[in-house]
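> Let me begin by handing over the structure; questions about it come next.
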Amino acid sequence: MSVHVLLGGAPDAGKSVALHTLTAGLMLDPDTQGLFIDGKGGVELAAWEMVAHGGVRCDIDSATEGLEWARNRMDERYAYLSSAGARKITRGMGFGLLAVVIDELSAFTLYPDKKKREAFLVPLHDLGARGRAAAVRVIAATQKPGSDVVPTYIRDLFDIRWALRCTTKEASDTVLGSGWAARGIDASSIPLEAAGVGYLLAGRSGPVRVKGFHLSDAQLSDLAAYAAELRTAAAWE
């Protein structure tokens with residue numbers, strides 16, 4: 001089963017549209033826990049503050065702290081699986097999805113302080129590598145996710161790729177994987193005015209052209225408030 005999602009594209013290509021489309025769907029399940037990390041200072045993910053563990057995290061220290069928290073939750077789930085003699089978390093075990101949502105990943109992967117950068121990358125890699133069976137999902141958005149922006153050992157853990165409009169064929173292939181542009185799947189051919197349109201690679205059949213659903217600020221606020229209400233109601237059941 002596919003797990004982690006990487007969104008890439010040029011500025012104003014609609015990465016936020018795509019990211020919120022996925023996030024809203026996840027957070028409307030009251031059993032989903034959300035860790036939100038925003039490399040744009042909280043501008044993009046602010047709407048989800050009320051359902052974000054520890055609030056929306058914008059600096060690398062709080063982001064790393066959040067990843068370590070998620071890592072600990074993942075270890076707890078593996079301890080449960082070991083004691084239960086099971087191989088993966090399923091419904092009925094008392095654990096919901098744990099969604100790690102990161103906007104503008106490059107703000108952290110290119111952080112100038114090497115020690116802090118590595119402290120961020122270690123738990124991120126662990127969540128990506130071991131998250132599948134523990135019902136942990138990482139969704140990250142950034143501009144061209146080349147190896148200079150996202151280390152290859154982390155980028156390769158994202159099995160779902162969504163390429164929004166890119167500036168070059170090479171950039172499109174960086175998101176989707178080498179060779180797709182030569183086969184006619186080229187996100188650089190997407191028109192400038194088509195924000196949110198991109199190629200989604202999520203299975204063996206190859207990339208398909210899709211469009212994220214645009215949610216206004218007011219709609220995002222309403223959805224986040226409803227997600228919070230669902231969690232409150234579930235807590236009283």
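Following the order of the structure tokens, first chain is A, next is B, and so on, with residues numbered from 1 inside each chain and ligands from 1 in the order they appear.
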Got a sec: who's within 8 Å of region 140-153 of chain A, counting only C-alpha atoms, leaving out chain neighbours fewer than 6 positions off, as a short mmCIF file (atom, residue, chain, number, x, y, z; two decimals) with N, CA and C atoms, in the first residue's frame?


data_model
loop_
_atom_site.label_atom_id
_atom_site.label_comp_id
_atom_site.auth_asym_id
_atom_site.auth_seq_id
_atom_site.Cartn_x
_atom_site.Cartn_y
_atom_site.Cartn_z
N VAL A 5 3.62 10.98 0.71
CA VAL A 5 3.33 11.80 -0.47
C VAL A 5 4.31 12.96 -0.54
N LEU A 6 4.92 13.15 -1.72
CA LEU A 6 5.80 14.28 -1.98
C LEU A 6 5.18 15.14 -3.07
N LEU A 7 4.98 16.42 -2.77
CA LEU A 7 4.46 17.36 -3.75
C LEU A 7 5.56 18.34 -4.13
N GLY A 8 5.74 18.54 -5.43
CA GLY A 8 6.77 19.47 -5.89
C GLY A 8 6.26 20.29 -7.05
N GLY A 9 6.81 21.49 -7.20
CA GLY A 9 6.41 22.34 -8.32
C GLY A 9 6.97 23.74 -8.15
N ALA A 10 6.82 24.52 -9.19
CA ALA A 10 7.33 25.89 -9.18
C ALA A 10 6.48 26.78 -8.27
N PRO A 11 6.98 27.96 -7.91
CA PRO A 11 6.17 28.90 -7.13
C PRO A 11 4.86 29.22 -7.85
N LYS A 15 0.89 24.22 -5.07
CA LYS A 15 1.26 23.19 -4.08
C LYS A 15 0.37 23.28 -2.85
N LEU A 19 -1.82 20.40 -1.24
CA LEU A 19 -1.53 20.00 0.14
C LEU A 19 -2.77 20.07 1.01
N VAL A 101 2.49 16.50 8.36
CA VAL A 101 2.30 17.39 7.20
C VAL A 101 3.36 18.48 7.24
N ILE A 102 4.15 18.58 6.18
CA ILE A 102 5.25 19.55 6.13
C ILE A 102 5.11 20.41 4.88
N ASP A 103 5.00 21.72 5.08
CA ASP A 103 4.99 22.63 3.93
C ASP A 103 6.35 23.30 3.82
N GLU A 104 6.83 23.43 2.60
CA GLU A 104 8.15 23.99 2.29
C GLU A 104 9.25 23.27 3.07
N LEU A 105 9.40 22.01 2.74
CA LEU A 105 10.37 21.14 3.38
C LEU A 105 11.79 21.69 3.30
N SER A 106 12.10 22.39 2.21
CA SER A 106 13.46 22.89 2.00
C SER A 106 13.91 23.87 3.08
N THR A 109 15.47 21.26 5.37
CA THR A 109 16.53 20.42 4.81
C THR A 109 17.73 21.25 4.35
N LEU A 110 17.54 22.54 4.14
CA LEU A 110 18.63 23.44 3.76
C LEU A 110 19.01 24.39 4.90
N HIS A 125 13.64 10.77 8.47
CA HIS A 125 13.97 9.54 7.74
C HIS A 125 13.39 8.32 8.44
N CYS A 166 5.99 22.65 -13.30
CA CYS A 166 7.42 22.82 -13.11
C CYS A 166 7.98 23.73 -14.21
N ALA A 171 12.99 19.25 -14.02
CA ALA A 171 12.36 19.45 -12.71
C ALA A 171 11.16 18.52 -12.55
N THR A 174 12.37 15.22 -11.68
CA THR A 174 12.89 15.18 -10.32
C THR A 174 11.79 14.82 -9.34
N VAL A 175 10.57 15.29 -9.62
CA VAL A 175 9.44 14.98 -8.74
C VAL A 175 8.93 13.57 -9.02
#

> What residues in region 34-106 of chain A get the DSSP label alpha helix (DSSP H)? Please answer as a VMD selection string.

chain A and resid 60 to 84 106

> List the spatial neighbours of region 231-234 of chain A as a list in words - criterion: any atom at most 9 Å away, only C-alpha atoms, same-chain residues fewer than 2 positions off excluded.

Asp29, Pro30, Asp31, Val51, Tyr226, Ala227, Ala228, Glu229, Trp236 and Glu237 of chain A

> To one decimal in Å, tell me the separation between CA of Asp186 (chain A) and CA of Lys169 (chain A).

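These two atoms are separated by 6.0 Å.
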
> If we count only C-alpha atoms, what is near Thr90 (chain A) at a cut-off of 12 Å, once residues fewer than 2 positions away on the same chain are taken out, given as a CSV table (one decimal) with N, CA and C atoms, in the first residue's frame?


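So around04.csv came out as:
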chain,number,residue,atom,x,y,z
A,77,ARG,N,3.6,2.2,19.0
A,77,ARG,CA,2.8,1.4,18.1
A,77,ARG,C,3.5,0.1,17.8
A,80,TYR,N,3.3,-2.2,20.7
A,80,TYR,CA,2.0,-2.8,20.8
A,80,TYR,C,1.9,-4.0,19.8
A,81,LEU,N,2.4,-3.8,18.6
A,81,LEU,CA,2.4,-4.8,17.6
A,81,LEU,C,3.1,-6.0,18.0
A,84,ALA,N,1.2,-7.9,20.6
A,84,ALA,CA,0.0,-8.5,20.0
A,84,ALA,C,0.3,-9.5,19.0
A,86,ALA,N,1.2,-9.0,16.0
A,86,ALA,CA,0.7,-8.5,14.7
A,86,ALA,C,1.8,-7.7,13.9
A,87,ARG,N,1.5,-7.5,12.6
A,87,ARG,CA,2.6,-6.9,11.8
A,87,ARG,C,2.3,-5.5,11.4
A,88,LYS,N,1.0,-5.1,11.5
A,88,LYS,CA,0.7,-3.7,11.2
A,88,LYS,C,-0.5,-3.2,11.9
A,92,GLY,N,-9.5,-0.8,14.8
A,92,GLY,CA,-9.9,-1.7,15.9
A,92,GLY,C,-8.8,-1.9,17.0
A,93,MET,N,-7.6,-1.5,16.7
A,93,MET,CA,-6.5,-1.6,17.6
A,93,MET,C,-6.4,-0.4,18.5
A,94,GLY,N,-7.2,0.6,18.3
A,94,GLY,CA,-7.1,1.8,19.2
A,94,GLY,C,-6.2,2.9,18.7
A,95,PHE,N,-5.6,2.8,17.5
A,95,PHE,CA,-4.7,3.8,17.0
A,95,PHE,C,-5.3,4.3,15.7
A,96,GLY,N,-5.3,5.6,15.6
A,96,GLY,CA,-5.7,6.3,14.3
A,96,GLY,C,-4.5,6.6,13.5
A,97,LEU,N,-4.7,7.1,12.3
A,97,LEU,CA,-3.6,7.6,11.5
A,97,LEU,C,-2.8,8.7,12.2
A,132,ARG,N,5.2,2.9,7.7
A,132,ARG,CA,4.1,2.2,6.9
A,132,ARG,C,3.3,1.3,7.9
A,133,ALA,N,3.9,0.4,8.6
A,133,ALA,CA,3.2,-0.6,9.4
A,133,ALA,C,2.5,0.1,10.6
A,134,ALA,N,3.1,1.2,11.0
A,134,ALA,CA,2.6,1.9,12.2
A,134,ALA,C,1.5,2.9,11.9
A,135,ALA,N,1.0,3.0,10.7
A,135,ALA,CA,0.0,3.9,10.3
A,135,ALA,C,0.4,5.4,10.4
A,136,VAL,N,1.7,5.6,10.0
A,136,VAL,CA,2.2,7.0,10.0
A,136,VAL,C,2.4,7.4,8.5

> A:Leu201, A:Gly54, A:Pro207, A:Gly196: which is nearest Asp159 (chain A), counting only C-alpha atoms?

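Smallest separation from Asp159 (chain A) among the options: A:Leu201.
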
> Nearest to Glu193 (chain A): which of A:Ile139, A:Leu35, A:Val3, A:Ala13 is it, counting only C-alpha atoms?

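For Glu193 (chain A), the nearest of the given residues is A:Ala13.
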
> One decimal, in Å: what's the spacing between CA of Val100 (chain A) and CA of Asp113 (chain A)?

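The value is 22.8 Å.
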
> May I ask for the distance between CA of Leu121 (chain A) and CA of Thr64 (chain A), given in Å to one decimal place?

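Calculated distance between CA of Leu121 (chain A) and CA of Thr64 (chain A) is 8.3 Å.
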
> Have a look at A:Ile190, A:Ala47, A:Leu26, A:Val138 and name the one nearest to Gln219 (chain A); count only C-alpha atoms.

A:Ala47
